[in-house]
Each structure stands twice: as C-alpha cells, then as structure tokens.
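Colleague: Have a look at this one.
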Amino acid sequence: MPNEVIAEFKVTRMSILDENGIADVALMPELSHEEIRKMYELMLLARAFDQRALALQREGRLGTYPPIMGQEAAQVGSAMAIKPADWVFPSFRETGVHLSLGYPIAQIFQYWSGDERGQLTPDNLNIFPFCVSVGTHIPHAVGAAMAARYRRDPIAVVAYFGDGATSKGDFHEGFNMAGVFRLPVVFICQNNQWAISIPVKEQTAAASLAQKAVAYGFEGIQVDGNDVFAVYCATRNALEKARGNGGPTFIECLTYRVADHTTADDAGRYRSSEEVAAWRARDPILRLERFMAAQGFWSEDYGREARSRASASMDEAVHEMEGFPPPAAADMFEHACASLSPRQTRQQEGL
Amino acid sequence: MPNEVIAEFKVTRMSILDENGIADVALMPELSHEEIRKMYELMLLARAFDQRALALQREGRLGTYPPIMGQEAAQVGSAMAIKPADWVFPSFRETGVHLSLGYPIAQIFQYWSGDERGQLTPDNLNIFPFCVSVGTHIPHAVGAAMAARYRRDPIAVVAYFGDGATSKGDFHEGFNMAGVFRLPVVFICQNNQWAISIPVKEQTAAASLAQKAVAYGFEGIQVDGNDVFAVYCATRNALEKARGNGGPTFIECLTYRVADHTTADDAGRYRSSEEVAAWRARDPILRLERFMAAQGFWSEDYGREARSRASASMDEAVHEMEGFPPPAAADMFEHACASLSPRQTRQQEGL
Amino acid sequence: MAKLNMVQAINLALREEMARDDRVVVMGEDVGRDGGVFRVTEGLREHFGAERVIDTPLSESGIVGAATGMAAYGLRPVAEIQFMGFIYSALDQLSAHGARLRTRSRGRYTCPLVVRTPYGAGIKAPELHEESSEAIFCHIPGIKVVAPSGPYTAKGLMLAALRDPDPVLYLEPTRLYRLIREEVPEGEYLTELGRARLARTGDNVTVIAWGSMLERVLKAVEPYSADVIDLLTLSPFDAETVLASVRKTGRAVIVHEAIKTCGLGAEIAATIAEDAILHLRAPVLRVTAPDVPVPLGKLIDHYLPTAEQIRAALDEVLQY
Amino acid sequence: MAKLNMVQAINLALREEMARDDRVVVMGEDVGRDGGVFRVTEGLREHFGAERVIDTPLSESGIVGAATGMAAYGLRPVAEIQFMGFIYSALDQLSAHGARLRTRSRGRYTCPLVVRTPYGAGIKAPELHEESSEAIFCHIPGIKVVAPSGPYTAKGLMLAALRDPDPVLYLEPTRLYRLIREEVPEGEYLTELGRARLARTGDNVTVIAWGSMLERVLKAVEPYSADVIDLLTLSPFDAETVLASVRKTGRAVIVHEAIKTCGLGAEIAATIAEDAILHLRAPVLRVTAPDVPVPLGKLIDHYLPTAEQIRAALDEVLQY
Ligand SMILES: Cc1ncc(C[n+]2csc(CCOP(=O)(O)OP(=O)(O)O)c2C)c(N)n1
Ligand SMILES: Cc1ncc(C[n+]2csc(CCOP(=O)(O)OP(=O)(O)O)c2C)c(N)n1
Ligand SMILES: [Mg+2]
Ligand SMILES: [Mg+2]
C-alpha cells in the first residue's frame, strides 16, 4: 500500500484575445459587431467615469474614489453575460459592472460624493449596495442563491470581489456553503495583483486564486482578465451552468489595478513604475481596439466619437448629480429601521 | 490558445497497517517493540479515560464530556511524533493527545468536572488550553509558529481540530497565513465523519479535506486515521519538514467518532447503527493488537495486564481529582487580568 | 390549552408560522436531522422538509451572512447560532450588514431575519456555553433584541419577531428551557416588540429584569412591595414603562446576569438618571455578574446574581 | 522638544519601544511597505525589518488570532485593524480568546497584545470608516480600552499599553490625527492606564469626554465653569475621578460620538446614579450621536455631537 492517489485536479487558464488584438477563432464567442461595439463603448464609458471621478475628487467635488482603470474588460466582459433577472453583489470597485448593467451614472457619482441615496438601486436591477467591507458580501450572494433555488427562480447570482477578499473568513464560509448546497452562484474575482500595498504573492501562497475552488469541491478557472472575450465566455458558461443546476463556479480574472488604490492612496510607495507601465501596455481597451480595427469595424473617427459620447454622458451625469439637493439631517433616520422607536423619534425631532 | 493547464495537484492517502493488522514493511517506520508497546498502552489509557469519564458523567460526578473512542490511533500516533519543546493547540476532543504528552490525568478530569484549574498546563509542557470554540484556535497556532520563527526556536507547532472546524473562517485565515509565511506548523484534522449531526458530506463538497491545502499553496495529505503507524509517520515527516523550514502541512486523519458527540448528545438520532458497527470493526486498538500478536509481542495476558494498569491509573486520577478542594468564589478573579480594577476589587470583596 | 415548556413553545411558534408563511425557513448547525441540540427545532425537518429546515456547515458568520442574503431576496430566515458564545464571529455580519441593509440600500433591500440563540448561565455546560452579551447587540442600531422569560412570552415574542420587517436577535435563556411550564395557546398571538410587561406590581421599588433573571427576581421580591418589570424587548427597550414605574416608586434596582460594566443595566440606569432623576429617592442599583469572564460550572452559582444579592439591593434602596 | 501631531506621536512611541524591546512587533494590513494607510507605522519597516513589521493578508480575525498566539509565545505584538468598522469580525478572537487567555490557562499563558485601530467620524471617508463602537469592547472583561485625545497622551498611552500584561484596544481618533500638534517629549513617559485626566477645572458642572470629542468639548465649554474630564482609559474607566468631580459640581454631562443607547456614556451615567446620586442636582445628560447607523460624509456633521448640542445640555443642567 504505497501512498495512493485519491484525487487529481487541474487548473486551467482561458484566453481568447491576445495582447496584439488577435483572437483565437476556435474559442471566439458568437458576438455581433454591434455587441462588440457595445462592449467597447462600455469600457470607454467606464474609463471616462474613472477619469471624471478622479478629476472631481481633485477639485473637492467628490469624496474618496477607487478607480478601476485597467480592469474594464473584466468588468464589462462579465457584466455583459449577466441577465437582468440575475442578482449581482458588487464590492466597491465595480463601476464598470454598474455601468454595463445600466445603473444610473449620476447615482454612482452621488454615492462617492458621500450621499447614501446613490445606493438606491433602480427597481429593474437586482444589484446589492456597494460593499466596502472586503469580502463580507460573499455570504449574501450565497444566501440569495439559496433563496432563488428555494423559489425555483431560473436565475443566477454573481458576486464580485478582489484578490484581497480571498483571505477573508467570509470568502471561505460563503464558498464552502455554495459548494455544499451546489448553488447557482458565480464568483468573480478580479485579481488585480494588489490589495492596497499587499501584492497577491503576499496575500496567499497559492500559485493561482482559481485553485482555491478545489477546497470547496467546485470548478475554478483563471481567465485573462484583460481579454474581454475570455471573461465574457467564462462568465456566460458559468452562468449557464448555474442556471442549469450545475453548481457554482469561481472565475479568477487576471488583471491589474493601473491607478492608485483610491484617491487617498499613493501606489508609488509600494510598487514600481516599470510594473505599472508593463500592465498599461496590456490595456484591455487598446487590445479590443486592435481587434476591432483588424476586423474592420474600428476607426480613429469612431474611437474619437465614442470617447466623446462617453465624455458627454459624464458631463450630463455630473450635472445631474450636482443638481441633487443635499440630504436633510433627518434623512439619517429614513431607513434606519421600518419604524422608529420613541427614542429615535425624539432624536429625529431634536435635530 | 486553448485553455492552458497552469497547475496540477494530486492528493494522496497514506496507510501502513491494514485492518487485519498487516503492515506494509516498506513504509513501516522504525519503531522498537517498546515504542510500539508504548503506543498501544497509551491507546488503552485513552480508552480507559473515556470509559471512566462516561461512567462518572452518568453518576453526576463529571460534567459534559466529549468521548474520543475510535480516534485513539489518530491522537496517540500523532502525539508520539511531537517533541516536548513543540507547542500544541488542541481542540476539546484530544484526550489521547493530552495523555500521550503526559498531561496530568487528574487535571483532565478536573477540567471536565467544570473546574477551570484543570487547564493549568504543567511547566514542562507547551499545551494551550482546551478550545471549545470550534476552529478558532487555529490562528493561535499560526501566531505561535510566527513567534517561534522570529525567536529562531527550532520547534514546530501542532494544531488539532475536527472536520467541522474546516468550515470556520478562522481555519481559512489561519491556514492562509501559515502558507504565506511558510510557517513551522502542522495542522492535524481528525475527520471523524461527523460534526455533531452533520456528516462530512454536508460539511463540504470537497471529496477530501486534505485537498483544502491546495487553496493555501502547501501540502495536504490524507492518512488512515485508525492506522497508528501511518498517522505517526505522516506527523513525524511533517514536523521534520516544519522544523527544517519546509513550511506547513495539513494532515487529514480519516477516522470515526464511535460514541456520541458528547454525553449530552444522542447519535442515534442522526446516524445508523450499521455505520457505527462498521467502524467499530475497524477499531484502531484491535488493529494494533493484531499486528503485535502477529509479530509476537502481544498476548492475552499482556493485553489484560495493560488494560488493568490503565484502569488503575484512572482509579488513581479520579481519586486525586475528587480530592481537589472546590474552587473558592474569589477564584473567578484570580486570573481575570494581571491586576484588578477598583470595581473588580470591590466585586471580589463583596462575594 | 396545553402546558408547555419554553422549548415546546418556541417550537410551536416556528411550526405555526412555517405552516402559515412559506417564506419562513430555519437554518443552522444541527437544526435539521438532530432537531437542534436543545430540540427547539425538533420535528420541523420531518414536517417541512430539508429545503426549509437547513442543516448548515459549521460557519457562524456564513450562516448569518447567507441568511441576510436570503432575507434580502424575500425569505424570512430563522438562523440559529448554537450558543451565544459562538455568535461573536457573526457580529460583523449582524452589525455591518444585517442591521444596515435597509439603510445602505435606501430601503430597496431589507433584512427580516430572526437570529435565535440559547444564552445565559446556569446549565453547567462547557466554556462559551453560558454567555450573556446582549448589551453588545443593544448597541447596534437596526437590530432588535428580545428575551422571553417564560413559555408564554417565548411564543408571542417569536411570532412577533417572525413578522418584524427588520433583524431580531432572539435570546433563549437556557436555564429556563425546561424549568417553567405555562399555558401556551395554540394559534396566533403576538407579544408586541418594544413593550415591557409588568410581571408584578408594588409601591416601593421598581425591579427591572429579563430572561432567566426574571424568575429569580420574582422569587426574591416576594416579601417586598415591588413593581417587577419584565423587559422582554431589550432593544429598543420600553423606557416609558420603566420611567412610569420609577416615577411612582422612587427607587430602581436592575438585575441582569451579564457582567456589570456596560451591561444593559447601565443604559436603563442612565435613562432613569436622565429622565426621572427628580423622582428618585435612592441610588439606582444594579445586581449583576461581576466583571470577569463567565467561569465554568463549579463557580457559576457564584457568578450569577443570587436572590440574596437581589434582596440586599432592595433593602439598601429601601433605606432611603 | 518637538511639536508633533498624533500620527507622529504614535509612530514615535512604537519606534522607541521597538528599539527598547525586541519582543514588540507590528503587524496588519499595509503597515509595512506602505507605512499604514494613515502613515502611523511609516518608516518602521525600513528601520526594524520585515520580520518585525509584518504586512499580513486581509484577515482581521486571523490577524488578532495570530497576534494572540504570538503574545502567548512571549512576543508583544501590536496588531492594526485598518479601520474600526472592520474589527467586528475579530471580536470573537478578542472576546473569546485574547481577553480570556489568562483565565482559561490559569495564568500559564497571557496575552500582552495591543490592537490599534483608527476610529471615529469626521473624515468623510466611505462606509465603516467612521465607527465608534468602544462600548462593545468595554463590555468585555479582560480587555482594556484606551483613547487618546491628543499627541501627548497618544504617546504616553501607547507606551503604557505596550507595557501592559493584558490585551489593550488602542483607539486612534482619525479626526485628530493631524488636527492638533503638541509638545511630545522623546523618551519614556507612561500615561497610566485606568486614570482619567482633568483637562480643565470648574465649579458648576462636570463634562466627561474622550477621543475626538474632547477637543470639541473644550471649545464648547469655554464660557462655563466646568470640570472637563478626559477619560483616556475607557475600560476600566476612572470612576473615582468622575465621582469626585460630580460630587463637587452636582451636575454631569457626558459627550460621546457613539450612538446613545448602550454607549459608554450609559455606564458612566449609571455609575453616577449608583454612587453619587445624593450629590446630584440635575439629570445626568448624554450628548451623543443618534441611534442610527453612521451615515456617509454628507450627513456626518449632523450625526456627530455639535458644540451647540453640548452647550444646550450644559444650559439645561445648569437650570437646576
Ligand atoms: C474587511 C476589510 N478590511 C480592510 C479593509 C480596508 N481595505 C479596503 S480595500 C482593501 C484591499 C482590497 O483588496 P482587493 O480585495 O484585492 O480589492 P481591490 O482593492 O484590489 O479592488 C483594504 C485592505 C476593508 N475595506 N475591509
Ligand atoms: C464556533 C463553534 N460553533 C459551534 C459549536 C458547537 N459545537 C461543538 S462541537 C461541534 C461540532 C464539531 O465538529 P468537528 O469539528 O468535526 O469536531 P468533533 O466534534 O467531531 O471532534 C459543534 C457544532 C462550537 N463549539 N463552536
Ligand atoms: Mg486587488
Ligand atoms: Mg468531527
């Protein structure tokens, strides 16, 4: 009886669109030019939001903001695979997801301006509030998936988080439950290589984050997170599997946080400009542009136009946001609980 | 670029002594008959403790007690590989470990009689207090390993816990840190198939617990937990690796909790007597007896004698325990903190 | 009408409400096949199936977190934490999420979640099995905290908790589980959340207690002319009833089994000191456990407030 | 003597103690290379090396748990929780373990651990970045809780915390980090734990505050003749100093930025109601945040107690 092998596992990486914008035709998802243009324009929109948010923050018109630059493909690609009935549990760095799903732009600005009212998800979307507490929303996604299964709703649930979140106890407890109950949930980790100043190598000794799924008895896959097609495919497959009772999937999107952690951070303190430059060269938008250009449906003009449309959307949204009346003090009590206690009522009256 | 395999993992199971008491000579550790006899006698001692504790509890002379019956090989086999300078972090079901390491028997009884003074580990041992809160002691072991490394102490740290503990967030956070810092720590899980009424299949969808180590970038191995030699070997190897800066190891001992979860439990409510009977037949003590008999160093007489020595040790320990004066009320304050606040002092005086 | 103990009363409440409302699901460690380590959920799995009576992995934070997601989706989960001593790792989920979901989502998502947990000392169980840390949860806006003092209120409070649109922490005093039997009607009756109950009336002193201490207080005060207030809802607590009684009696003694410092007794005393000071004739006394970790069984009777200590406090305030 | 802000003062304390005692190690998220998100640990990694200034994975419970193991082994870890809003998942480790290790091991193992965390509101940061839940920790026997009110006490309290043989939760009021500069001597001075400081003396009323509220109170009380007590140690708090002052002034107002219900103010008021009632001429008032979750930046100024609210409370008690 020598040591007997009782199980073997493989972790794979999916990529379709390479850095030069050349796609593997065999793997390429069926997407019309129109759909690809939509992806492209959403990525531009996300980038435009980022740039505008940074500018507003510098001018003191916005609070702390966590830019997504570099992660547009991971966010737009995955969100494009989500259906309106699906439930989405974002972290705090998913502007691209919010925008792709149609969350009102002005409200995203409003939230980051320190106004809770930005969190009111429109009725036609099932997006949970931004979750700043890293990884702690993962069990909520799991619970929603349990409830959806109980209700026999033919939907799936998606949770987004970062590489840092994989170290949290709630990641583990949530993943484990998802496995045990074989729930219709897709976990999307944007491994952007950093959790503030902690590189992923110091976050875990695992060679990939995808392999963490082995611990929970379901599939984990790594995708090139700057490849919008691979992200889209992996997410679509996982969502279909989830809706078809095939259980959860963990998708690790390898990407990079090109900007500072937030406007309160200075990434220069902990990482080299060479590293950043190398990743800038792998820009997901550029890559898609190259693909579209090679396929003949991108031109300088179109790019310029699309950018200026994105920018105009921002003008409009910022205008709208700045037109929102400031919240009243009593607003603190508005949603504190369904009905106020006598003490709370007195406190509200006393404001 | 089809999906590229980026990593492969194997999980192995180690066993040396089969159910008929036949050992794989190639794998058999170098143990003298005397050492094997010691293992055997410790297993008998553990079983004797269990039986005595159950009897005392029924008579109202002991509080709730968690029996270890069936897990003696996993506990004695692993503990025999531990050196006195190593630090040990037990859960609440490691009587066999305590006994093997030389923890005073009377104090173990004392603890389960509801007297905190049973927790005072003798100076020559480095055993942490019993930990009832499942899995939450794992980070302590990790921290002790960090400190030992910092101090350049040539020791290793061992943490014991059950299958249920693998679902706790602290398991995850502790394991992950152990991996990141490549710490000298050995994690020993007694997968006794049940966490109270939850079978391991409902605890996790992973086919083995050992594979959970993949998530943390270090080695996990499954051993036949009713095979004292395999457990001993796996633990010894892992401890040597740890002391030699080779990082952590996770050992899953496949075993079975033959008795109720505790004296307050009725396992008949949730599992079949057939299952229990099948595992009783795999009794680790019986298996070792068969081996020793075949090797010519076990006889009925020796077995009887060893059992009666174990029983005599229990008589003595129970006598000692029942001779301990009851704790005084003021004892609650004794170790509450290094120095009492004025309010605590008044409270103590007012008792 | 049947005489039930508290275990049976809670079980009945769950059973009736599950029959009435298919949004109610029960979840936790050992709640299913085993019927809970105290048998509070006994028979529910057989009756309502494994989909509604869910045995979970050993994950306190995950249980409360998943229940929060279920509640947001539209169910009404009842999550069990096996003992209050294990609830601390779920505090983040309760405090940062369950309690704030309504606020954070501006009312779009709510968390009608009941977290049940056995609490309190006196059963001589291992460490962390006898905790009474209700004050921590009373300091979290957005959660209600309740503690029944007998089978009748146990059922009424459970039904009220199950109908509440916000998270409710439901504390079950283990010492009382099988100690008291009371008439517990079948069918619906709600013990209103936020309302205390006058368990006994008198003139000279107000004694405030809840959970397992109520029984002890009622015995201790027999020779006195005391208002005894059974708080029932610990947060938000019924200040009006407390203040009205104190204004009448001029004296207040608060009894709880949690440690003294920053216990809920502090809030009650502070409220009296703020709003009824002119009516006070005596110091507001608290009879509580001492400020030490809960000891194991051999010392637990020294830890818990005793009838003698309660009487001593009454005698002291009555001197004024 | 240099004028330092609070960030620099805490940094200096850590630096000096690390130089003096090689058992002191610093750990947490971003405390090393980045020097902490508020720069409190800036330069320590360069000076003392990565083995003593340890960047950890994102695991609040694991950080406190591992630090507990390190402390038990003989080190003196200083664990940072990046914001108090993320400490809740470490509560189990603090409460069930750090605080009880001495008791559970009958003194064989101890936990000389300092947990540092930025706390309090007023910096307009995202959700959970402005929490003030000190009362929860004051309800845990075995842990001390401290909160400096300026650079000078920040250093003295940190040194005292680092020398303490038991766990100390060290709360750093973010609003004050760079607001106040004070003379902070180099070298050793310890601000004794368990002792409050009379920040100002007067005759008519006692105002009790701590952390970032002290600065606000001192401004608000200028026109009054008030004793202002800077609590410094929140648990165990200095009841003697509070009571002595209240016996003198006959009036007490407590100011804190946590919510009112079950805040530490309740304990202080209850202590006064218990031990100084005969000296009171007026209700004991609390000026606190309202009982709602901490709002985001746009509303935070309405949440925090204001100078006007403090003055209104003073005016009210002075009517008696
Ligand atoms: C539980 C918790 N701990 C700490 C923080 C402070 N913090 C905010 S973001 C962050 C890093 C998160 O890294 P990652 O999960 O990789 O997400 P990313 O920021 O890269 O998108 C930290 C430590 C937090 N928000 N929540
Ligand atoms: C954190 C925590 N949750 C719940 C419990 C109650 N409880 C005690 S033992 C146990 C099951 C433990 O199972 P396992 O880890 O497999 O250990 P075993 O009892 O089988 O030795 C449970 C749920 C506890 N002690 N601690
Ligand atoms: Mg990241
Ligand atoms: Mg088990």
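Residues are referred to by chain and number: the chain letter is A, B, ... according to the order shown in the structure tokens, the number counts from 1 in that chain, and ligands are numbered separately from 1 in the order shown.
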Just want the residues within 10 Å of ligand 4, written as a ChimeraX atom specification, counting only C-alpha atoms and all ligand atoms.
Modeller: /B:93,161-166,189-200,203,255-257,261
Colleague: Give me, as a tab-separated table, each residue of chain B that comes within 7 Å of chain C, together with its shortest interatomic pair and the distance in Å at one decimal, counting only C-alpha atoms, with rows ordered by chain and rising residue number.
Modeller:
residue	atom	partner	partner_atom	distance
B:Thr64	CA	C:Ala125	CA	6.5
B:Gly114	CA	C:Gly297	CA	4.5
B:Asp115	CA	C:Lys298	CA	5.7
B:Glu116	CA	C:Leu296	CA	6.2
B:Val132	CA	C:Glu127	CA	6.6
B:Ser133	CA	C:Phe86	CA	6.8
B:Gly164	CA	C:Leu58	CA	5.8
B:Ala165	CA	C:Leu58	CA	6.8
B:Ser167	CA	C:Leu58	CA	5.5
B:Lys168	CA	C:Ser59	CA	5.1
B:Ser197	CA	C:Asp30	CA	5.7
B:Ile198	CA	C:Asp30	CA	6.5
B:Glu202	CA	C:Pro57	CA	6.8
B:Gln203	CA	C:Pro57	CA	4.8
B:Arg269	CA	C:Asp34	CA	6.1
B:Tyr270	CA	C:Arg33	CA	5.9
B:Ala329	CA	C:His302	CA	5.8
B:Met332	CA	C:Pro295	CA	6.4
B:Phe333	CA	C:Val292	CA	6.5
B:Ala336	CA	C:Val292	CA	5.8
B:Gln344	CA	C:Asp291	CA	6.2
B:Gln347	CA	C:Pro290	CA	6.1
Colleague: Measuring atom to atom with only C-alpha atoms and all ligand atoms, identify which of D:Leu162, D:Val145, D:Leu285, D:Ala90 is nearest to ligand 1.
Modeller: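 Of all the options, D:Ala90 lies closest to ligand 1.
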Colleague: May I have the residues of chain D within 7 Å of chain C, counting only C-alpha atoms, written as a list in words?
Modeller: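 Those within range of chain C come out as Tyr88, Ser89, Leu91, Asp92, Arg100, Ala135, Ile136, Cys138, His139, Pro141, Thr261, Cys262, Gly263, Leu264, Ala266, Glu267, Ala269, Ala270, Ala273, Glu274, Asp275, Ile277, Pro283, Val284, Leu285, Asp291, Val292 and Pro293 of chain D.
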Colleague: For chain A, list the residues within 7 Å of chain B, counting only C-alpha atoms, and write the list as a PyMOL selection string.
Modeller: chain A and resi 1-16+24+167-170+172-173+176+179-180+202-207+211-212+214-217
Colleague: Using only C-alpha atoms for the distances, tell me which of D:Glu46, D:Glu240, D:Glu186, D:Glu134 is nearest to D:Glu17.
Modeller: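 Between D:Glu46, D:Glu240, D:Glu186, D:Glu134, the residue approaching D:Glu17 most closely is D:Glu186.
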Colleague: Between atom CA of B:Asn237 and atom CA of B:Thr249, measure the distance and give it in Å to one decimal.
Modeller: 9.4 Å
Colleague: Nearest to ligand 2: which of C:Leu12, C:Val255, C:Ala67, C:Met84 is it, counting only C-alpha atoms and all ligand atoms?
Modeller: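 Selected residue with least distance to ligand 2: C:Met84.
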Colleague: Can you pull out every residue from stretch 68-235 of chain D that DSSP, working from the backbone, puts in helix (DSSP H, G or I), and format the result as a PyMOL selection string?
Modeller: chain D and resi 68-73+84-86+88-104+134-138+151-163+174-176+212-220
Colleague: Could you check the closest approach to A:Pro284 for each of A:Pro129, A:Pro184, A:Gly323, A:Gly225 and tell me which residue wins, using only C-alpha atoms?
Modeller: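 Smallest separation from A:Pro284 among the options: A:Gly225.
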Colleague: As a PyMOL selection string, please: the residues near A:Phe324 (cut-off 12 Å, only C-alpha atoms, same-chain neighbours under 4 positions excluded).
Modeller: chain A and resi 106-107+109-111+113+115+117-118+317-320+328
Colleague: Would you compute the distance between atom CA of C:Arg200 and atom CA of C:Val246? Give it in Å to one decimal.
Modeller: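 Taking atom CA of C:Arg200 as the start and atom CA of C:Val246 as the end point, the length is 13.9 Å.
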Colleague: Taking 6 positions as the minimum chain separation for residues in the same chain, which residues sit within 9 Å of B:Pro84 when counting only C-alpha atoms? Answer as a list in words.
Modeller: Leu101, Asn124, Leu125 and Asn126 of chain B
Colleague: Output C-alpha atoms of each residue in that selection to a file, as a short mmCIF file (atom, residue, chain, number, x, y, z; two decimals), in the first residue's frame.
Modeller:
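So the final result, stored in again25.cif, reads:
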data_model
loop_
_atom_site.label_atom_id
_atom_site.label_comp_id
_atom_site.auth_asym_id
_atom_site.auth_seq_id
_atom_site.Cartn_x
_atom_site.Cartn_y
_atom_site.Cartn_z
CA LEU B 101 2.14 14.12 26.09
CA ASN B 124 7.28 21.19 31.15
CA LEU B 125 4.57 21.06 28.50
CA ASN B 126 3.54 23.59 25.89
#
Colleague: Can you tell me, as a list in words, what residues are no more than 7 Å from stretch 296-310 of chain A when counting only C-alpha atoms, ignoring any on the same chain fewer than 3 positions away?
Modeller: Glu41, Leu44, Leu45, Ala48, Glu289, Met292, Ala293, Ser313 and Met314 of chain A
